[in-house]
$ cat entry30.txt   # compact mmCIF, C-alpha atoms
# COMPACT_ATOMS: atom_id res chain seq x y z
CA MET A 1 133.47 72.03 209.50
CA LYS A 2 132.76 75.65 210.44
CA ILE A 3 129.66 74.54 212.35
CA VAL A 4 131.66 72.04 214.40
CA ILE A 5 134.33 74.63 215.24
CA ALA A 6 131.68 77.21 216.16
CA ALA A 7 129.92 74.69 218.40
CA SER A 8 133.20 73.83 220.08
CA CYS A 9 133.91 77.51 220.72
CA LEU A 10 130.41 77.95 222.14
CA ALA A 11 131.00 75.06 224.53
CA LEU A 12 134.30 76.66 225.52
CA GLY A 13 132.58 79.96 226.20
CA THR A 14 130.08 78.22 228.45
CA SER A 15 132.90 76.49 230.24
CA PHE A 16 134.18 79.67 231.91
CA ASN A 17 130.95 79.70 233.74
CA PHE A 18 131.98 81.33 236.85
CA GLY A 19 131.78 78.62 239.42
CA GLY A 20 131.33 75.03 240.75
CA GLY A 21 128.08 73.15 244.91
CA GLY A 22 126.43 76.07 246.65
CA GLY A 23 124.75 78.16 243.99
CA LYS A 24 124.69 81.68 245.44
CA THR A 25 126.33 85.05 244.87
CA THR A 26 127.02 87.75 247.42
CA PRO A 27 127.75 91.46 246.95
CA THR A 28 130.93 91.29 249.06
CA GLU A 29 134.04 92.16 247.07
CA LYS A 30 137.07 89.90 247.50
CA GLN A 31 140.30 89.19 245.66
CA SER A 32 139.92 86.81 242.76
CA ILE A 33 142.07 83.67 242.94
CA ALA A 34 142.03 83.23 239.17
CA LEU A 35 142.81 86.90 238.52
CA PRO A 36 144.70 88.14 241.63
CA PHE A 37 144.97 91.66 240.26
CA THR A 38 141.17 92.03 240.27
CA THR A 39 138.35 91.73 242.79
CA THR A 40 135.11 89.78 242.43
CA ASN A 41 131.83 89.40 244.28
CA LEU A 42 131.40 85.86 242.97
CA ASP A 43 130.93 83.38 245.81
CA THR A 44 128.98 80.38 244.59
CA GLY A 45 130.31 77.89 247.13
CA PHE A 46 130.92 75.47 244.27
CA VAL A 47 134.03 73.32 244.16
CA GLY A 48 136.39 74.85 241.62
CA ASP A 49 135.12 78.41 242.02
CA PHE A 50 138.27 80.52 241.70
CA GLY A 51 136.55 83.84 241.19
CA PHE A 52 136.88 83.90 237.41
CA ASP A 53 134.15 86.29 236.33
CA PRO A 54 135.87 89.42 234.98
CA LEU A 55 132.71 90.65 233.24
CA GLY A 56 130.42 90.05 236.22
CA LEU A 57 128.13 87.83 234.16
CA ALA A 58 127.30 85.55 237.10
CA ASN A 59 125.28 88.38 238.65
CA LEU A 60 123.15 88.43 235.50
CA ALA A 61 122.59 84.66 235.39
CA PRO A 62 118.97 84.15 234.30
CA ASP A 63 116.63 82.02 236.33
CA THR A 64 115.77 78.53 235.17
CA TRP A 65 114.25 78.09 231.74
CA TRP A 66 110.89 77.21 233.25
CA ASN A 67 110.89 80.34 235.40
CA PHE A 68 112.28 83.43 233.68
CA GLU A 69 111.63 85.87 236.50
CA GLY A 70 114.75 87.55 237.85
CA THR A 71 118.14 86.13 238.64
CA GLY A 72 119.51 84.11 241.52
CA PRO A 73 120.80 80.77 242.75
CA ALA A 74 118.74 78.74 240.30
CA GLY A 75 120.41 80.50 237.38
CA ILE A 76 123.88 79.85 238.79
CA ASN A 77 122.99 76.17 239.23
CA VAL A 78 121.89 75.95 235.61
CA LEU A 79 125.18 77.52 234.49
CA ARG A 80 127.10 75.03 236.63
CA GLU A 81 125.07 72.21 235.12
CA ALA A 82 125.93 73.49 231.65
CA GLU A 83 129.62 73.66 232.51
CA LEU A 84 129.69 70.07 233.77
CA MET A 85 127.68 68.74 230.83
CA HIS A 86 129.85 70.51 228.27
CA GLY A 87 132.97 69.37 230.09
CA ARG A 88 131.94 65.72 230.28
CA ILE A 89 130.93 65.69 226.63
CA ALA A 90 134.24 67.36 225.73
CA GLN A 91 136.17 64.63 227.57
CA LEU A 92 134.34 61.96 225.57
CA ALA A 93 134.85 64.00 222.40
CA CYS A 94 138.62 64.23 222.96
CA LEU A 95 138.78 60.46 223.36
CA GLY A 96 136.57 59.85 220.35
CA TRP A 97 138.60 62.29 218.26
CA VAL A 98 141.81 60.25 218.51
CA PHE A 99 140.51 56.72 219.16
CA PRO A 100 139.89 55.78 215.48
CA GLU A 101 143.66 56.08 214.92
CA ILE A 102 144.17 53.40 217.58
CA TYR A 103 141.34 51.10 216.57
CA HIS A 104 138.26 51.29 214.38
CA PHE A 105 135.56 48.79 213.51
CA PRO A 106 135.78 47.04 210.15
CA GLY A 107 133.31 48.06 207.48
CA ASN A 108 131.02 45.84 205.46
CA ALA A 109 129.33 45.67 202.10
CA ALA A 110 126.30 47.65 203.29
CA VAL A 111 128.12 50.72 204.56
CA GLY A 112 131.43 50.29 202.74
CA GLU A 113 134.62 48.50 203.64
CA ASP A 114 136.31 51.73 204.71
CA ALA A 115 133.27 53.34 206.35
CA TYR A 116 134.96 53.57 209.75
CA ALA A 117 138.51 54.13 208.57
CA ALA A 118 138.42 57.93 208.26
CA MET A 119 141.14 59.39 210.47
CA ASN A 120 139.77 62.92 210.22
CA PRO A 121 136.55 63.34 212.27
CA TYR A 122 135.20 65.88 209.77
CA ASP A 123 135.37 63.20 207.07
CA ALA A 124 133.89 60.63 209.45
CA ILE A 125 130.76 62.76 209.89
CA ASP A 126 130.07 62.54 206.17
CA GLN A 127 130.29 58.75 206.33
CA ILE A 128 127.54 58.32 208.93
CA PRO A 129 124.64 56.44 207.26
CA GLY A 130 121.51 58.52 206.77
CA ALA A 131 119.42 56.09 208.81
CA ALA A 132 121.72 56.58 211.80
CA TRP A 133 121.08 60.31 212.19
CA PRO A 134 117.44 60.00 213.40
CA GLN A 135 118.52 57.33 215.90
CA ILE A 136 121.29 59.56 217.22
CA LEU A 137 119.00 62.57 217.55
CA VAL A 138 116.24 60.59 219.30
CA PHE A 139 118.74 59.11 221.76
CA MET A 140 120.20 62.55 222.52
CA SER A 141 116.73 64.06 222.95
CA VAL A 142 115.65 61.39 225.42
CA LEU A 143 118.77 61.93 227.51
CA GLU A 144 118.25 65.70 227.53
CA ILE A 145 114.58 65.44 228.49
CA VAL A 146 115.43 63.17 231.42
CA ARG A 147 118.24 65.49 232.52
CA LEU A 148 116.19 68.68 232.29
CA ASN A 149 113.39 67.14 234.33
CA ARG A 150 115.92 66.25 237.03
CA ILE A 151 117.07 69.86 237.18
CA LYS A 152 113.55 70.98 238.13
CA ASN A 153 114.03 69.41 241.56
CA PRO A 154 114.91 72.29 243.96
CA ASN A 155 117.30 69.96 245.83
CA TYR A 156 119.10 68.85 242.69
CA MET A 157 122.88 69.22 242.75
CA PRO A 158 124.25 70.26 239.33
CA GLY A 159 125.76 67.32 237.48
CA ASP A 160 124.45 64.69 239.92
CA PHE A 161 123.14 61.62 238.11
CA GLY A 162 122.71 59.47 241.21
CA LEU A 163 125.99 57.63 240.70
CA GLY A 164 128.71 56.94 243.25
CA GLN A 165 128.69 56.60 247.00
CA GLY A 166 125.68 57.37 249.17
CA GLU A 167 122.44 55.76 250.23
CA GLY A 168 120.14 54.80 247.38
CA ARG A 169 122.78 55.52 244.72
CA TRP A 170 124.29 53.19 242.16
CA ASN A 171 127.86 52.55 243.26
CA PRO A 172 129.21 49.64 241.16
CA PHE A 173 132.82 50.35 242.15
CA ASN A 174 132.04 50.66 245.87
CA PHE A 175 133.51 54.13 246.26
CA GLU A 176 133.85 55.18 249.89
CA TYR A 177 135.58 58.55 249.98
CA THR A 178 135.90 60.78 253.01
CA PRO A 179 134.31 64.25 252.62
CA GLU A 180 137.76 65.72 251.93
CA GLN A 181 138.56 63.06 249.32
CA TYR A 182 135.15 63.50 247.70
CA GLU A 183 135.67 67.24 247.38
CA GLU A 184 139.09 66.62 245.85
CA LYS A 185 137.52 64.27 243.27
CA GLN A 186 134.96 66.94 242.41
CA LEU A 187 137.77 69.45 241.92
CA GLN A 188 139.64 67.02 239.70
CA GLU A 189 136.54 66.50 237.57
CA ILE A 190 135.85 70.19 237.01
CA LYS A 191 139.49 70.81 236.11
CA HIS A 192 139.43 67.91 233.65
CA CYS A 193 136.19 69.30 232.20
CA ARG A 194 137.68 72.73 231.63
CA LEU A 195 140.87 71.29 230.16
CA ALA A 196 138.88 69.02 227.83
CA MET A 197 136.82 71.95 226.54
CA LEU A 198 140.04 73.72 225.61
CA GLY A 199 141.47 70.48 224.23
CA ILE A 200 138.59 69.68 221.90
CA VAL A 201 138.81 73.16 220.36
CA GLY A 202 142.52 72.59 219.77
CA LEU A 203 141.85 69.17 218.23
CA ALA A 204 139.17 70.65 215.98
CA PHE A 205 141.52 73.30 214.62
CA LYS A 206 144.35 70.79 214.28
CA SER A 207 142.23 68.49 212.13
CA ALA A 208 140.80 71.24 209.95
CA GLY A 209 142.02 71.01 206.38
CA SER A 210 144.09 67.87 206.95
CA ASP A 211 143.52 64.23 206.14
CA ILE A 212 146.15 63.15 208.66
CA GLY A 213 145.05 62.04 212.11
CA VAL A 214 145.97 64.09 215.17
CA LEU A 215 148.15 61.34 216.64
CA ALA A 216 150.01 61.00 213.36
CA GLN A 217 150.57 64.75 213.30
CA LEU A 218 151.83 64.59 216.87
CA GLY A 219 154.35 61.91 215.92
CA GLU A 220 155.60 63.98 213.02
CA SER A 221 156.18 66.89 215.40
CA PHE A 222 158.99 64.92 217.04
CA SER A 223 160.72 63.96 213.81
CA ALA A 224 163.06 66.10 211.73
CA PRO A 225 161.83 66.92 208.20
CA ASN A 226 163.95 65.84 205.25
CA TYR A 227 165.17 69.32 204.45
CA VAL A 228 166.87 69.59 207.85
CA ALA A 229 169.33 66.82 206.90
CA LYS A 230 170.46 68.85 203.88
CA ALA A 231 171.56 71.75 206.06
CA GLY A 232 174.88 70.00 206.67
CA TYR A 233 175.72 70.11 202.98
CA PHE A 234 176.48 73.83 203.23
CA PHE A 235 179.17 73.49 205.89
CA PRO A 236 182.77 72.43 205.28
CA GLU A 237 183.51 68.82 206.04
CA GLY A 238 184.63 68.22 209.61
CA ILE A 239 182.67 71.10 211.16
$ encode --input "entry30.txt" --output "C-alpha cells"
Amino acid sequence: MKIVIAASCLALGTSFNFGGGGGKTTPTEKQSIALPFTTTNLDTGFVGDFGFDPLGLANLAPDTWWNFEGTGPAGINVLREAELMHGRIAQLACLGWVFPEIYHFPGNAAVGEDAYAAMNPYDAIDQIPGAAWPQILVFMSVLEIVRLNRIKNPNYMPGDFGLGQGEGRWNPFNFEYTPEQYEEKQLQEIKHCRLAMLGIVGLAFKSAGSDIGVLAQLGESFSAPNYVAKAGYFFPEGI
C-alpha cells in the first residue's frame, strides 16, 4: 500500500512539470499566470504553460536520457512527455479505481469465484494470479520501448502517438478541428491530466485502510449517521 501511495505522489510531483508544444526556455522575466505574485522566465510555448515553476527547475531540465550533455529544449520535451504520460495513466487509473463497484467480471473455479469482486484496489492487487504478473510487465515494457524510441525523433511532439486528424494519421472518428479548436482540445487534455494526477492520489488515500469502495464511501457522505437522529431526544417536545 505504501508503495502505491508513494508512486502516486511521485507521478503527482512529475505532473507539475512546468509546461505544455514548443519546448524552449528564455531568460526573459515575466509575470507568472499561475502565481501572479511571482515572476518566471519559463516560456516553453506549450499549451497549458501557465508559468508554474516557482523553484526554477525547468532551467535545470536534463537533456534526453540518450544524451546527458547539458540542458535545453530536449529536456523540456522529455518532461512534457512525462507529464502527459503520467496524466493519461492517471485518468485510466481513476476510472479503474471505481469501475469494479459498477461492474466486475465473474470469477471461476481456477482463480476463485470472488477473484474480481474486491472493491478495494489494494486488495485487488493481491488477487492477481502469479502467472499474470509476467504478462503485465512484458506488455508494459514493450509499450515503453516503442514510446522511448519515438521520442528519439528530433521532430517528435511530446505525447503524439500518431492518432487524430492529419495526413498519414489514424483518425477513426474523423476529427476535423480548426487550429483554434485543436489547441483548445490540447488544453482540455492537459488540464484533465493534471486533475487526474491529483485525483488518483486522493483516491489512493481514501481507500487506504478501508474495505469499502470509494463510491460507497461517497454515498455515505450524503447520508446522516444514526447518532444524528438521536440528537432530537435531548430537546423538549415541540421545539
$ residues_near_point --input "entry30.txt" --point "(135.4, 90.4, 236.8)" --cutoff "7 Å" --atoms "all atoms listed in the file" --output "NGL selection string"
:A and (38-40 or 52-56)
$ atom_distance --input "entry30.txt" --atom1 "CA of Ala118 (chain A)" --atom2 "CA of Leu137 (chain A)"
22.0 Å
$ residues_near_point --input "entry30.txt" --point "(143.3, 59.8, 220.9)" --cutoff "12 Å" --atoms "only C-alpha atoms" --output "list in words"
Gln91, Leu92, Ala93, Cys94, Leu95, Gly96, Trp97, Val98, Phe99, Pro100, Glu101, Ile102, Tyr103, His104, Met119, Asn120, Pro121, Gly199, Ile200, Leu203, Gly213, Val214, Leu215, Ala216, Gln217 and Leu218 of chain A
$ write_last_selection --input "entry30.txt" --atoms "C-alpha atoms" --output "compact mmCIF listing (two decimals), in the coordinates of the input"
# COMPACT_ATOMS: atom_id res chain seq x y z
CA GLN A 91 136.17 64.63 227.57
CA LEU A 92 134.34 61.96 225.57
CA ALA A 93 134.85 64.00 222.40
CA CYS A 94 138.62 64.23 222.96
CA LEU A 95 138.78 60.46 223.36
CA GLY A 96 136.57 59.85 220.35
CA TRP A 97 138.60 62.29 218.26
CA VAL A 98 141.81 60.25 218.51
CA PHE A 99 140.51 56.72 219.16
CA PRO A 100 139.89 55.78 215.48
CA GLU A 101 143.66 56.08 214.92
CA ILE A 102 144.17 53.40 217.58
CA TYR A 103 141.34 51.10 216.57
CA HIS A 104 138.26 51.29 214.38
CA MET A 119 141.14 59.39 210.47
CA ASN A 120 139.77 62.92 210.22
CA PRO A 121 136.55 63.34 212.27
CA GLY A 199 141.47 70.48 224.23
CA ILE A 200 138.59 69.68 221.90
CA LEU A 203 141.85 69.17 218.23
CA GLY A 213 145.05 62.04 212.11
CA VAL A 214 145.97 64.09 215.17
CA LEU A 215 148.15 61.34 216.64
CA ALA A 216 150.01 61.00 213.36
CA GLN A 217 150.57 64.75 213.30
CA LEU A 218 151.83 64.59 216.87
$ atom_distance --input "entry30.txt" --atom1 "CA of Leu198 (chain A)" --atom2 "CA of Tyr122 (chain A)"
18.3 Å
$ closest_residue --input "entry30.txt" --among "A:Asp160, A:Gly107, A:Ala82, A:Phe222" --to "Cys193 (chain A)" --atoms "all atoms listed in the file"
A:Ala82
$ atom_distance --input "entry30.txt" --atom1 "CA of Tyr116 (chain A)" --atom2 "CA of Pro129 (chain A)"
11.0 Å
$ closest_residue --input "entry30.txt" --among "A:Asn77, A:Gln181, A:Phe175, A:Gln127" --to "Asp114 (chain A)" --atoms "only C-alpha atoms"
A:Gln127
$ closest_residue --input "entry30.txt" --among "A:Gly45, A:Tyr182, A:Ala110, A:Arg147" --to "Gly164 (chain A)" --atoms "all atoms listed in the file"
A:Tyr182
$ closest_residue --input "entry30.txt" --among "A:Asn41, A:Ser207, A:Asn155, A:Ser221" --to "Ala58 (chain A)" --atoms "only C-alpha atoms"
A:Asn41
$ closest_residue --input "entry30.txt" --among "A:Asp43, A:Glu81, A:Glu144, A:Asp123" --to "Asp211 (chain A)" --atoms "all atoms listed in the file"
A:Asp123
$ closest_residue --input "entry30.txt" --among "A:Glu184, A:Asn174, A:Ile33, A:Met140" --to "Ile89 (chain A)" --atoms "all atoms listed in the file"
A:Met140
